[in-house]
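Student: There's a structure below that I have some questions on.
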Amino acid sequence: MELNFDFMVKYLPWYIDAAILTVKIAFFGILLSLVVGVICSVVQYYRVPIIRRIISVYIEISRNTPLLVQLFFLYFGLPKIGIVWSAEFCAIVGIAFLGGSYMSESIRSGLESVEKSQIESAASLGMSNALTMKEVIFPQALAVSVPGICANVIFLIKETSVVSGIALADLMYVTKDLIGLYYETDEALLMLVVFYLIILLPISIIASIIERRLRYAGFGN
Amino acid sequence: MEERIQLQVSGLVKRFGTETVLDGIDLCIRKGEVVVVLGPSGCGKSTLLRCMNGLESPSAGTIFLDGEEVTSDGKKITQLRQKIGMVFQSYDLFPNKNIMDNITLAPVKVQKRLKSEVEQDAERLLKRVGLWEKRKAYPRELSGGQKQRVAIIRALCMNPEVMLFDEVTAALDPEMVREVLDVMLELADQGMTMVIVTHEMQFARAIADRIIFLDNGNIVEDSKPDEFFTNPKTQRAREFLQTFAYKKRRTHTD
Ligand SMILES: Nc1ncnc2c1ncn2[C@@H]1O[C@H](COP(=O)(O)OP(=O)(O)O)[C@@H](O)[C@H]1O
Ligand SMILES: [Mg+2]
């Protein structure tokens, strides 16, 4: 296989821009999904009436519809009721919408794993529910949740490839574009793979380091 | 022991579903008094203690701590719990915090006391039980007996007026039981009001001012320890004490 290096060098800047966009969407989307996940999991943990039902419905919708469909809804559907968001904002919200349910389930399993006796011993020290959550339940839950959260982060970064569907010039989009324009399929695909690896490999490595450190952390079992 | 009433339980009933666990308990504990609660497994000893600090809400009856009613009302109960420390059977230190942080967390965050001041209290108490070197260790690095001593100190640093102990040595290896009981004996000597559930009969006899014997959700005996152990009034208490006695084993030499 002969690779056209001139082509690859020439379009490197496209890929760099696209990678930056991918990272940006992933970063803000994931950050937001963590916020959504924490809120949903805590509401479910405390079995807050009504809101808890609404959240269950959200989680079902989020988990059982493809991201592309969610994005179409945000990008093409919402304007029909007068809400117009930029493609980039839709992408971030879409990732957060999808990721929120996954994060929520991971965090919730951590929260549920904290023993009831921990909560009672906090209560018997006069600690309020909020203080107990912050100082006792959440830190212990996080140690259990982190592997799941890390897996979600990687899953969501990969899912960003779908945003090309709403005309965002991410890595996937640029690749399809270049193949369409110049038929330099091998080069374009190679660069696509390399760029995803550049983004994902360090994150995978960091994730496994965090997991290992948590496992041997001062308080792990 | 003073005459002042510290804890007043009146007509306490606690039901779980259709099961009546406590069936009209009346109990009055004076300041500085050490009350040991005895009774067969499942008779409601833990439930009684848990009602006293609001972990369970009574089905009927009232509990007054220092003249204030123990209710499950959110804000009030967190106030009251600062006056009543509790140590459980399972060592429930917070595994995500080191020993010092376990001890200082509630006094600093709940009572808004100065951290340095609480740390001084903690230092004094940790030194007394020989665990000062462990202040930076995490709970999982401690033995069961060490954890229970820390749990007692953690409760003490809230400066409670009453301490509740629910079988704090039941899950310990025999050689660690003593070190925990000694801490409790010392506490009793200092005049702490204590309600203790235990299966250590000799200890109960040594520490108690009063023995309460629970059966079928009622207090069936309320006596001085010597009286209870040498001459129990009821058949139930006699049978209960029998289960702790061992007959001398016959040898084959005769
Ligand atoms: N949360 C609960 N729900 C239902 N039943 C309970 C609960 N807590 C205790 N019980 C029941 O109440 C009875 C007394 O329990 P407990 O107070 O733990 O007894 P003890 O400490 O004397 O062994 C037991 O039969 C137990 O099954
Ligand atoms: Mg019990």
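In the structure tokens, the first chain shown is A, the next is B, and so on; residue numbers restart at 1 for each chain, and ligands run from 1 in the order shown.
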For the contact check between chain B and ligand 1, emit one row per residue of chain B within 12 Å, containing the shortest atom pair and the distance in Å rounded to one decimal, counting only C-alpha atoms and all ligand atoms, chain then rising number order, as JSON lines.
Tutor:
```
{"residue": "B:Val13", "atom": "CA", "partner": "ligand 1", "partner_atom_place_in_ligand_line": "12 (O)", "distance": 11.8}
{"residue": "B:Lys14", "atom": "CA", "partner": "ligand 1", "partner_atom_place_in_ligand_line": "12 (O)", "distance": 8.7}
{"residue": "B:Arg15", "atom": "CA", "partner": "ligand 1", "partner_atom_place_in_ligand_line": "12 (O)", "distance": 8.0}
{"residue": "B:Phe16", "atom": "CA", "partner": "ligand 1", "partner_atom_place_in_ligand_line": "4 (C)", "distance": 4.9}
{"residue": "B:Gly17", "atom": "CA", "partner": "ligand 1", "partner_atom_place_in_ligand_line": "4 (C)", "distance": 7.1}
{"residue": "B:Thr18", "atom": "CA", "partner": "ligand 1", "partner_atom_place_in_ligand_line": "5 (N)", "distance": 9.5}
{"residue": "B:Glu19", "atom": "CA", "partner": "ligand 1", "partner_atom_place_in_ligand_line": "12 (O)", "distance": 7.5}
{"residue": "B:Thr20", "atom": "CA", "partner": "ligand 1", "partner_atom_place_in_ligand_line": "12 (O)", "distance": 7.8}
{"residue": "B:Val21", "atom": "CA", "partner": "ligand 1", "partner_atom_place_in_ligand_line": "12 (O)", "distance": 5.2}
{"residue": "B:Leu22", "atom": "CA", "partner": "ligand 1", "partner_atom_place_in_ligand_line": "14 (C)", "distance": 8.1}
{"residue": "B:Asp23", "atom": "CA", "partner": "ligand 1", "partner_atom_place_in_ligand_line": "14 (C)", "distance": 11.4}
{"residue": "B:Val37", "atom": "CA", "partner": "ligand 1", "partner_atom_place_in_ligand_line": "22 (O)", "distance": 9.1}
{"residue": "B:Leu38", "atom": "CA", "partner": "ligand 1", "partner_atom_place_in_ligand_line": "22 (O)", "distance": 8.1}
{"residue": "B:Gly39", "atom": "CA", "partner": "ligand 1", "partner_atom_place_in_ligand_line": "22 (O)", "distance": 6.5}
{"residue": "B:Pro40", "atom": "CA", "partner": "ligand 1", "partner_atom_place_in_ligand_line": "22 (O)", "distance": 6.3}
{"residue": "B:Ser41", "atom": "CA", "partner": "ligand 1", "partner_atom_place_in_ligand_line": "23 (O)", "distance": 3.9}
{"residue": "B:Gly42", "atom": "CA", "partner": "ligand 1", "partner_atom_place_in_ligand_line": "23 (O)", "distance": 3.4}
{"residue": "B:Cys43", "atom": "CA", "partner": "ligand 1", "partner_atom_place_in_ligand_line": "22 (O)", "distance": 4.0}
{"residue": "B:Gly44", "atom": "CA", "partner": "ligand 1", "partner_atom_place_in_ligand_line": "17 (O)", "distance": 3.2}
{"residue": "B:Lys45", "atom": "CA", "partner": "ligand 1", "partner_atom_place_in_ligand_line": "22 (O)", "distance": 3.7}
{"residue": "B:Ser46", "atom": "CA", "partner": "ligand 1", "partner_atom_place_in_ligand_line": "21 (O)", "distance": 3.6}
{"residue": "B:Thr47", "atom": "CA", "partner": "ligand 1", "partner_atom_place_in_ligand_line": "17 (O)", "distance": 3.7}
{"residue": "B:Leu48", "atom": "CA", "partner": "ligand 1", "partner_atom_place_in_ligand_line": "17 (O)", "distance": 6.5}
{"residue": "B:Leu49", "atom": "CA", "partner": "ligand 1", "partner_atom_place_in_ligand_line": "17 (O)", "distance": 8.1}
{"residue": "B:Arg50", "atom": "CA", "partner": "ligand 1", "partner_atom_place_in_ligand_line": "17 (O)", "distance": 8.2}
{"residue": "B:Cys51", "atom": "CA", "partner": "ligand 1", "partner_atom_place_in_ligand_line": "17 (O)", "distance": 9.7}
{"residue": "B:Leu55", "atom": "CA", "partner": "ligand 1", "partner_atom_place_in_ligand_line": "1 (N)", "distance": 9.9}
{"residue": "B:Glu56", "atom": "CA", "partner": "ligand 1", "partner_atom_place_in_ligand_line": "1 (N)", "distance": 8.1}
{"residue": "B:Ser57", "atom": "CA", "partner": "ligand 1", "partner_atom_place_in_ligand_line": "1 (N)", "distance": 10.7}
{"residue": "B:Phe88", "atom": "CA", "partner": "ligand 1", "partner_atom_place_in_ligand_line": "21 (O)", "distance": 10.8}
{"residue": "B:Gln89", "atom": "CA", "partner": "ligand 1", "partner_atom_place_in_ligand_line": "21 (O)", "distance": 10.2}
{"residue": "B:Phe165", "atom": "CA", "partner": "ligand 1", "partner_atom_place_in_ligand_line": "21 (O)", "distance": 11.2}
{"residue": "B:Asp166", "atom": "CA", "partner": "ligand 1", "partner_atom_place_in_ligand_line": "21 (O)", "distance": 7.8}
{"residue": "B:Glu167", "atom": "CA", "partner": "ligand 1", "partner_atom_place_in_ligand_line": "21 (O)", "distance": 8.4}
{"residue": "B:Val168", "atom": "CA", "partner": "ligand 1", "partner_atom_place_in_ligand_line": "21 (O)", "distance": 11.8}
{"residue": "B:Ala170", "atom": "CA", "partner": "ligand 1", "partner_atom_place_in_ligand_line": "21 (O)", "distance": 11.5}
{"residue": "B:Ile196", "atom": "CA", "partner": "ligand 1", "partner_atom_place_in_ligand_line": "21 (O)", "distance": 11.3}
{"residue": "B:Val197", "atom": "CA", "partner": "ligand 1", "partner_atom_place_in_ligand_line": "21 (O)", "distance": 8.0}
{"residue": "B:Thr198", "atom": "CA", "partner": "ligand 1", "partner_atom_place_in_ligand_line": "21 (O)", "distance": 9.7}
{"residue": "B:His199", "atom": "CA", "partner": "ligand 1", "partner_atom_place_in_ligand_line": "23 (O)", "distance": 10.7}
{"residue": "B:Phe213", "atom": "CA", "partner": "ligand 1", "partner_atom_place_in_ligand_line": "22 (O)", "distance": 10.5}
{"residue": "B:Leu214", "atom": "CA", "partner": "ligand 1", "partner_atom_place_in_ligand_line": "22 (O)", "distance": 8.2}
{"residue": "B:Asp215", "atom": "CA", "partner": "ligand 1", "partner_atom_place_in_ligand_line": "22 (O)", "distance": 8.8}
{"residue": "B:Asn216", "atom": "CA", "partner": "ligand 1", "partner_atom_place_in_ligand_line": "14 (C)", "distance": 9.4}
{"residue": "B:Gly217", "atom": "CA", "partner": "ligand 1", "partner_atom_place_in_ligand_line": "14 (C)", "distance": 8.5}
{"residue": "B:Asn218", "atom": "CA", "partner": "ligand 1", "partner_atom_place_in_ligand_line": "22 (O)", "distance": 11.5}
```
Student: Which residues in region 37-224 of chain B does DSSP call helix (DSSP H, G or I)? List them as number ranges by chain.
Tutor: B: 45-52, 74-81, 99-109, 115-128, 132-134, 139-141, 144-156, 174-189, 201-207
Student: Identify every residue of chain A that has at least one atom within 12 Å of any atom of chain B, counting only C-alpha atoms, and report the result as a ChimeraX atom specification.
Tutor: /A:114-132,134-143,214,216-221
Student: Leaving out Val34 (chain B) and any residue of its chain fewer than 4 positions from it, which residues lie within 9 Å of it when counting only C-alpha atoms, given as a PyMOL selection string?
Tutor: chain B and resi 29-30+188+191-196+207-211
Student: Using Å and a single decimal, report how far CA of Gln242 (chain B) sits from CA of Asp182 (chain B).
Tutor: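 Pair CA of Asp182 (chain B) / CA of Gln242 (chain B) returns 25.6 Å.
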Student: Step one, run DSSP on the backbone; step two, keep only residues of region 42-204 of chain B assigned to strand (DSSP E or B); then write them as a compact mmCIF listing (two decimals) with N, CA and C atoms, in the first residue's frame.
Tutor:
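Generated file (part-v3.txt):
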```
# COMPACT_ATOMS: atom_id res chain seq x y z
N ALA B 60 -45.62 4.28 69.86
CA ALA B 60 -46.37 5.02 70.88
C ALA B 60 -45.43 5.30 72.04
N GLY B 61 -45.83 6.24 72.89
CA GLY B 61 -45.00 6.57 74.05
C GLY B 61 -44.02 7.68 73.75
N THR B 62 -43.31 8.09 74.79
CA THR B 62 -42.40 9.21 74.61
C THR B 62 -41.03 8.91 75.23
N ILE B 63 -40.04 9.62 74.73
CA ILE B 63 -38.71 9.57 75.32
C ILE B 63 -38.26 11.01 75.51
N PHE B 64 -37.88 11.33 76.73
CA PHE B 64 -37.37 12.67 76.99
C PHE B 64 -35.90 12.59 77.37
N LEU B 65 -35.11 13.40 76.71
CA LEU B 65 -33.69 13.48 77.03
C LEU B 65 -33.47 14.86 77.61
N GLU B 68 -36.14 17.26 76.98
CA GLU B 68 -36.58 17.51 75.61
C GLU B 68 -36.99 16.22 74.95
N GLU B 69 -38.10 16.28 74.22
CA GLU B 69 -38.59 15.04 73.63
C GLU B 69 -37.76 14.63 72.42
N ILE B 84 -26.32 12.71 72.82
CA ILE B 84 -26.42 11.29 73.10
C ILE B 84 -25.56 10.50 72.12
N GLY B 85 -24.46 9.99 72.61
CA GLY B 85 -23.52 9.26 71.74
C GLY B 85 -23.91 7.81 71.65
N MET B 86 -23.60 7.19 70.50
CA MET B 86 -23.93 5.77 70.38
C MET B 86 -22.79 5.04 69.69
N VAL B 87 -22.48 3.86 70.22
CA VAL B 87 -21.47 3.01 69.58
C VAL B 87 -22.14 1.67 69.29
N VAL B 162 -25.14 11.47 77.46
CA VAL B 162 -25.45 10.05 77.62
C VAL B 162 -24.71 9.27 76.55
N MET B 163 -24.24 8.08 76.92
CA MET B 163 -23.63 7.22 75.91
C MET B 163 -24.39 5.90 75.86
N LEU B 164 -24.70 5.47 74.63
CA LEU B 164 -25.38 4.20 74.42
C LEU B 164 -24.39 3.23 73.77
N PHE B 165 -24.32 2.02 74.32
CA PHE B 165 -23.40 1.02 73.77
C PHE B 165 -24.19 -0.22 73.41
N ASP B 166 -24.19 -0.58 72.15
CA ASP B 166 -24.95 -1.77 71.74
C ASP B 166 -24.00 -2.91 71.35
N THR B 193 -23.30 9.10 82.11
CA THR B 193 -24.56 8.34 82.09
C THR B 193 -24.47 7.35 80.93
N MET B 194 -24.68 6.08 81.22
CA MET B 194 -24.49 5.08 80.17
C MET B 194 -25.62 4.06 80.15
N VAL B 195 -26.01 3.68 78.92
CA VAL B 195 -26.93 2.56 78.74
C VAL B 195 -26.19 1.53 77.89
N ILE B 196 -26.03 0.35 78.44
CA ILE B 196 -25.15 -0.64 77.82
C ILE B 196 -25.90 -1.93 77.56
N VAL B 197 -25.81 -2.41 76.32
CA VAL B 197 -26.27 -3.76 76.01
C VAL B 197 -25.03 -4.61 75.86
```
Student: Skipping near chain neighbours, those fewer than 5 positions away, what residues fall within 9 Å of Leu126 (chain B) using only C-alpha atoms, listed as a PyMOL selection string?
Tutor: chain B and resi 121+131-135+149-150+153
Student: If you count only C-alpha atoms, which residues fall within 7 Å of Met103 (chain A), apart from same-chain ones fewer than 5 positions away, as a PDB file with C-alpha atoms, in the first residue's frame?
Tutor:
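As written to disk, result_16.pdb reads:
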```pdb
ATOM      1  CA  SER A  33     -23.266  14.394  31.918  1.00  0.00           C
ATOM      2  CA  LEU A  34     -21.504  14.055  35.268  1.00  0.00           C
ATOM      3  CA  GLY A  37     -25.588  11.896  36.627  1.00  0.00           C
ATOM      4  CA  ILE A 149     -17.475   6.351  35.136  1.00  0.00           C
ATOM      5  CA  ASN A 152     -18.590   5.832  30.307  1.00  0.00           C
TER       6      ASN A 152
END
```
Student: What's the separation between CA of Asp222 (chain B) and CA of Asn159 (chain B), in Å to one decimal place?
Tutor: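 Pair CA of Asp222 (chain B) / CA of Asn159 (chain B) returns 28.3 Å.
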Student: Using only C-alpha atoms for the distances, tell me which of B:Ile152, B:Leu172, B:Val177, B:Met100 is nearest to Val118 (chain B).
Tutor: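 Once distances to Val118 (chain B) are computed over only C-alpha atoms, the minimum belongs to B:Met100.
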Student: Here is a test: counting only C-alpha atoms and all ligand atoms, which residue of B:Phe240, B:Val70, B:Thr169, B:Val35 is nearest to ligand 2?
Tutor: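 Under the stated criterion, the closest residue is B:Thr169.
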Student: I'd like the neighbourhood of region 64-74 of chain A as a PyMOL selection string, where a residue qualifies if any of its atoms comes within 12 Å (using only C-alpha atoms), though same-chain residues fewer than 3 positions away should be ignored.
Tutor: chain A and resi 57-61+77-99+101-102+155-156+158-168
Student: For the atom pair CA of Ser109 (chain A) and CA of Leu142 (chain B), what is the interatomic distance in Å to one decimal place?
Tutor: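 Spanning CA of Ser109 (chain A) to CA of Leu142 (chain B) is a straight-line distance of 27.4 Å.
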Student: Extract, using only C-alpha atoms, all DNA, RNA and protein residues at most 8 Å from Leu192 (chain A), discarding same-chain residues fewer than 6 positions from it, and format them as a list in words.
Tutor: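 Final neighbour list, sorted by chain and number: Tyr15, Leu171, Met172 and Thr175 of chain A.
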